$ cat work-v1.pdb   # PDB, C-alpha atoms and all ligand atoms
MODEL        1
ATOM      1  CA  MET U   1      10.870  -2.547 -29.430  1.00  0.00           C
ATOM      2  CA  GLU U   2      12.631  -4.156 -26.441  1.00  0.00           C
ATOM      3  CA  SER U   3      13.065  -0.772 -24.717  1.00  0.00           C
ATOM      4  CA  ASN U   4       9.363  -0.122 -25.314  1.00  0.00           C
ATOM      5  CA  ILE U   5       8.523  -3.367 -23.548  1.00  0.00           C
ATOM      6  CA  SER U   6      10.921  -2.499 -20.707  1.00  0.00           C
ATOM      7  CA  SER U   7       9.324   0.892 -20.182  1.00  0.00           C
ATOM      8  CA  TYR U   8       5.888  -0.743 -20.153  1.00  0.00           C
ATOM      9  CA  GLU U   9       7.194  -3.332 -17.704  1.00  0.00           C
ATOM     10  CA  ASN U  10       8.302  -0.528 -15.357  1.00  0.00           C
ATOM     11  CA  LEU U  11       5.015   1.318 -15.768  1.00  0.00           C
ATOM     12  CA  ILE U  12       2.996  -1.828 -15.108  1.00  0.00           C
ATOM     13  CA  GLN U  13       5.104  -2.647 -12.053  1.00  0.00           C
ATOM     14  CA  GLU U  14       4.520   0.862 -10.719  1.00  0.00           C
ATOM     15  CA  LYS U  15       0.761   0.619 -11.247  1.00  0.00           C
ATOM     16  CA  ILE U  16       0.642  -2.748  -9.494  1.00  0.00           C
ATOM     17  CA  LEU U  17       2.780  -1.480  -6.614  1.00  0.00           C
ATOM     18  CA  GLU U  18       0.513   1.566  -6.219  1.00  0.00           C
ATOM     19  CA  LYS U  19      -2.451  -0.754  -5.683  1.00  0.00           C
ATOM     20  CA  GLY U  20      -0.713  -2.462  -2.782  1.00  0.00           C
ATOM     21  CA  ASN U  21      -2.795  -5.094  -0.989  1.00  0.00           C
ATOM     22  CA  GLU U  22      -5.862  -4.185  -3.032  1.00  0.00           C
ATOM     23  CA  GLY U  23      -4.321  -5.604  -6.229  1.00  0.00           C
ATOM     24  CA  ILE U  24      -5.500  -4.798  -9.741  1.00  0.00           C
ATOM     25  CA  SER U  25      -7.281  -6.802 -12.436  1.00  0.00           C
ATOM     26  CA  GLN U  26      -5.675  -7.166 -15.853  1.00  0.00           C
ATOM     27  CA  GLN U  27      -8.584  -5.365 -17.504  1.00  0.00           C
ATOM     28  CA  GLU U  28      -8.281  -2.372 -15.183  1.00  0.00           C
ATOM     29  CA  LEU U  29      -4.510  -2.366 -15.635  1.00  0.00           C
ATOM     30  CA  ALA U  30      -4.786  -2.523 -19.440  1.00  0.00           C
ATOM     31  CA  LYS U  31      -7.054   0.530 -19.400  1.00  0.00           C
ATOM     32  CA  SER U  32      -4.803   2.503 -17.066  1.00  0.00           C
ATOM     33  CA  VAL U  33      -1.650   1.953 -19.156  1.00  0.00           C
ATOM     34  CA  GLY U  34      -3.357   2.161 -22.559  1.00  0.00           C
ATOM     35  CA  LEU U  35      -2.548  -1.343 -23.813  1.00  0.00           C
ATOM     36  CA  SER U  36      -4.778  -4.020 -25.277  1.00  0.00           C
ATOM     37  CA  THR U  37      -5.414  -6.961 -22.958  1.00  0.00           C
ATOM     38  CA  ARG U  38      -3.403  -9.141 -25.367  1.00  0.00           C
ATOM     39  CA  GLU U  39      -0.355  -6.837 -25.204  1.00  0.00           C
ATOM     40  CA  LEU U  40      -0.695  -6.550 -21.463  1.00  0.00           C
ATOM     41  CA  SER U  41      -0.936 -10.336 -21.067  1.00  0.00           C
ATOM     42  CA  MET U  42       2.453 -10.771 -22.745  1.00  0.00           C
ATOM     43  CA  ILE U  43       4.106  -8.254 -20.437  1.00  0.00           C
ATOM     44  CA  VAL U  44       2.365  -9.640 -17.358  1.00  0.00           C
ATOM     45  CA  LYS U  45       3.624 -13.108 -18.286  1.00  0.00           C
ATOM     46  CA  ARG U  46       7.205 -11.772 -18.463  1.00  0.00           C
ATOM     47  CA  LEU U  47       6.869 -10.021 -15.090  1.00  0.00           C
ATOM     48  CA  ILE U  48       5.489 -13.173 -13.480  1.00  0.00           C
ATOM     49  CA  GLU U  49       8.417 -15.152 -14.906  1.00  0.00           C
ATOM     50  CA  LYS U  50      10.786 -12.548 -13.445  1.00  0.00           C
ATOM     51  CA  LYS U  51       8.966 -13.050 -10.104  1.00  0.00           C
ATOM     52  CA  VAL U  52       8.266  -9.332  -9.653  1.00  0.00           C
ATOM     53  CA  ILE U  53       4.497  -9.749  -9.703  1.00  0.00           C
ATOM     54  CA  VAL U  54       2.102 -12.544  -8.805  1.00  0.00           C
ATOM     55  CA  LYS U  55      -1.385 -13.471  -9.936  1.00  0.00           C
ATOM     56  CA  ARG U  56      -3.834 -14.404  -7.193  1.00  0.00           C
ATOM     57  CA  THR U  57      -7.506 -15.212  -7.017  1.00  0.00           C
ATOM     58  CA  VAL U  58      -9.311 -13.138  -4.393  1.00  0.00           C
ATOM     59  CA  LYS U  59     -12.938 -12.919  -3.274  1.00  0.00           C
ATOM     60  CA  GLU U  60     -14.715  -9.634  -3.978  1.00  0.00           C
ATOM     61  CA  ASN U  61     -18.417  -9.247  -3.243  1.00  0.00           C
ATOM     62  CA  GLY U  62     -18.708 -13.023  -3.132  1.00  0.00           C
ATOM     63  CA  LYS U  63     -17.081 -13.455  -6.565  1.00  0.00           C
ATOM     64  CA  SER U  64     -13.678 -14.884  -7.358  1.00  0.00           C
ATOM     65  CA  VAL U  65     -11.539 -12.293  -9.133  1.00  0.00           C
ATOM     66  CA  VAL U  66      -8.035 -12.760 -10.543  1.00  0.00           C
ATOM     67  CA  LYS U  67      -5.791  -9.861  -9.613  1.00  0.00           C
ATOM     68  CA  LEU U  68      -2.161  -8.902  -9.926  1.00  0.00           C
ATOM     69  CA  PHE U  69      -0.028  -8.038  -6.921  1.00  0.00           C
ATOM     70  CA  ALA U  70       3.563  -6.993  -6.430  1.00  0.00           C
ATOM     71  CA  ALA U  71       5.689  -9.905  -5.292  1.00  0.00           C
ATOM     72  CA  LYS U  72       6.830  -9.343  -1.709  1.00  0.00           C
ATOM     73  CA  SER U  73      10.474  -8.994  -2.646  1.00  0.00           C
ATOM     74  CA  SER U  74       9.949  -6.884  -5.752  1.00  0.00           C
ATOM     75  CA  SER U  75      11.214  -3.368  -6.144  1.00  0.00           C
ATOM     76  CA  ILE U  76      11.505  -0.879  -8.948  1.00  0.00           C
ATOM     77  CA  ASN U  77      15.087   0.230  -9.346  1.00  0.00           C
ATOM     78  CA  ASN U  78      15.394   0.185  -5.570  1.00  0.00           C
ATOM     79  CA  ASP U  79      18.223  -2.311  -5.453  1.00  0.00           C
ATOM     80  CA  ILE U  80      20.476  -1.733  -2.497  1.00  0.00           C
ATOM     81  CA  TYR U  81      24.131  -2.543  -2.877  1.00  0.00           C
ATOM     82  CA  ILE U  82      26.026  -3.333   0.270  1.00  0.00           C
ATOM     83  CA  ASN U  83      29.777  -3.524   0.462  1.00  0.00           C
ATOM     84  CA  LEU U  84      30.575  -6.712   2.365  1.00  0.00           C
ATOM     85  CA  ASP U  85      34.355  -6.287   2.324  1.00  0.00           C
ATOM     86  CA  THR U  86      34.619  -5.523   6.045  1.00  0.00           C
ATOM     87  CA  VAL U  87      32.114  -8.238   6.977  1.00  0.00           C
ATOM     88  CA  LYS U  88      34.101 -10.837   5.020  1.00  0.00           C
ATOM     89  CA  GLU U  89      36.999 -10.313   7.442  1.00  0.00           C
ATOM     90  CA  ILE U  90      35.037 -11.703  10.385  1.00  0.00           C
ATOM     91  CA  PRO U  91      36.792 -15.008  11.102  1.00  0.00           C
ATOM     92  CA  CYS U  92      33.511 -16.893  11.603  1.00  0.00           C
ATOM     93  CA  PHE U  93      32.693 -16.636   7.879  1.00  0.00           C
ATOM     94  CA  SER U  94      35.681 -18.749   6.958  1.00  0.00           C
ATOM     95  CA  CYS U  95      35.647 -20.956  10.062  1.00  0.00           C
ATOM     96  CA  LYS U  96      35.247 -24.725   9.641  1.00  0.00           C
ATOM     97  CA  LEU U  97      33.590 -24.871  13.065  1.00  0.00           C
ATOM     98  CA  LEU U  98      30.868 -22.308  12.318  1.00  0.00           C
ATOM     99  CA  TYR U  99      28.033 -24.852  12.379  1.00  0.00           C
ATOM    100  CA  LYS U 100      29.247 -26.363  15.675  1.00  0.00           C
ATOM    101  CA  CYS U 101      29.873 -23.009  17.324  1.00  0.00           C
ATOM    102  CA  ASN U 102      27.184 -21.771  19.679  1.00  0.00           C
ATOM    103  CA  ASN U 103      26.814 -20.140  23.069  1.00  0.00           C
ATOM    104  CA  GLY U 104      26.988 -22.895  25.680  1.00  0.00           C
ATOM    105  CA  ALA U 105      28.545 -25.395  23.257  1.00  0.00           C
ATOM    106  CA  HIS U 106      32.085 -26.779  23.531  1.00  0.00           C
ATOM    107  CA  VAL U 107      33.065 -24.521  20.617  1.00  0.00           C
ATOM    108  CA  ASN U 108      31.713 -21.055  21.347  1.00  0.00           C
ATOM    109  CA  PRO U 109      32.448 -17.399  20.577  1.00  0.00           C
ATOM    110  CA  GLY U 110      33.252 -16.649  24.226  1.00  0.00           C
ATOM    111  CA  SER U 111      36.293 -18.919  24.243  1.00  0.00           C
ATOM    112  CA  CYS U 112      37.363 -18.539  20.629  1.00  0.00           C
ATOM    113  CA  GLY U 113      40.935 -17.394  20.164  1.00  0.00           C
ATOM    114  CA  LYS U 114      40.476 -16.470  16.511  1.00  0.00           C
ATOM    115  CA  LEU U 115      37.513 -14.226  17.280  1.00  0.00           C
ATOM    116  CA  SER U 116      39.240 -12.629  20.264  1.00  0.00           C
ATOM    117  CA  GLU U 117      42.360 -11.944  18.199  1.00  0.00           C
ATOM    118  CA  TRP U 118      40.306 -10.345  15.448  1.00  0.00           C
ATOM    119  CA  ILE U 119      38.413  -8.121  17.887  1.00  0.00           C
ATOM    120  CA  LEU U 120      41.651  -7.070  19.587  1.00  0.00           C
ATOM    121  CA  TYR U 121      43.159  -6.300  16.174  1.00  0.00           C
ATOM    122  CA  LEU U 122      40.151  -4.055  15.408  1.00  0.00           C
ATOM    123  CA  VAL U 123      40.371  -2.077  18.622  1.00  0.00           C
ATOM    124  CA  GLY U 124      44.143  -1.731  18.073  1.00  0.00           C
TER     125      GLY U 124
HETATM  126  S1  LIG W 201      33.573 -17.807  17.145  1.00  0.00           S
HETATM  127 FE1  LIG W 201      35.448 -18.824  16.593  1.00  0.00          FE
HETATM  128  S2  LIG W 201      34.965 -20.971  16.514  1.00  0.00           S
HETATM  129 FE2  LIG W 201      33.037 -19.862  16.454  1.00  0.00          FE
HETATM  130  S3  LIG W 201      32.617 -19.640  14.304  1.00  0.00           S
HETATM  131 FE3  LIG W 201      33.680 -17.830  14.939  1.00  0.00          FE
HETATM  132  S4  LIG W 201      35.793 -18.223  14.487  1.00  0.00           S
HETATM  133 FE4  LIG W 201      34.740 -20.175  14.461  1.00  0.00          FE
ENDMDL
END

$ encode --input "work-v1.pdb" --output "structure tokens"
Amino acid sequence: MESNISSYENLIQEKILEKGNEGISQQELAKSVGLSTRELSMIVKRLIEKKVIVKRTVKENGKSVVKLFAAKSSSINNDIYINLDTVKEIPCFSCKLLYKCNNGAHVNPGSCGKLSEWILYLVG
């Protein structure tokens, strides 16, 4: 049952994403995925709670219509994993002076020994 809901969640997300800025009403969405509006409502509620879709009221032909849109940060299995191991070595990320350090300030990258040492270490 849970995997059924998950596959419907993915399908519904895809349909909403396909509609882009146009959005889609729940009735239209229910028809396109073959669910009752009651079943769809439950899944839509879960997707809104997961923040992958949003419900917005828009004006169409002078009428207010509630439509579903993909949340700006949503994606379908498009997660990107980035290895931050090399970035973590940059001395600034563990520096107590990071929030005081700025170009033109007393503490700055141009005169920082730790940063210079690290760069020189990298270039060998
Ligand atoms: S440049 Fe130097 S002082 Fe500035 S944040 Fe990086 S390590 Fe700290």

$ resolve_selection --input "work-v1.pdb" --expression "the PyMOL selection byres (((not hetatm)) within 6 of (chain W and resi 201))" --output "list in words"
Pro91, Cys92, Cys95, Leu97, Leu98, Cys101, Val107, Asn108, Pro109, Cys112, Lys114 and Leu115 of chain U

$ closest_residue --input "work-v1.pdb" --among "U:Ile12, U:Gln27, U:Ser32, U:Ser6" --to "Val65 (chain U)" --atoms "only C-alpha atoms"
U:Gln27

$ resolve_selection --input "work-v1.pdb" --expression "the PyMOL selection byres (((chain U and resi 47) around 12) and not hetatm)" --output "MDAnalysis selection string"
chainID U and resid 5:6 8:14 16 40:46 48:55 68:71 74:76

$ atom_distance --input "work-v1.pdb" --atom1 "CA of Lys19 (chain U)" --atom2 "CA of Lys31 (chain U)"
14.5 Å

$ atom_distance --input "work-v1.pdb" --atom1 "CA of His106 (chain U)" --atom2 "CA of Ile119 (chain U)"
20.5 Å

$ atom_distance --input "work-v1.pdb" --atom1 "CA of Lys63 (chain U)" --atom2 "CA of Gly23 (chain U)"
15.0 Å

$ closest_residue --input "work-v1.pdb" --among "U:Leu122, U:Val58, U:Leu35, U:Leu29" --to "Ile90 (chain U)" --atoms "only C-alpha atoms"
U:Leu122

$ closest_residue --input "work-v1.pdb" --among "U:Asn21, U:Asn103, U:Thr37, U:Thr57" --to "Lys72 (chain U)" --atoms "all atoms listed in the file"
U:Asn21
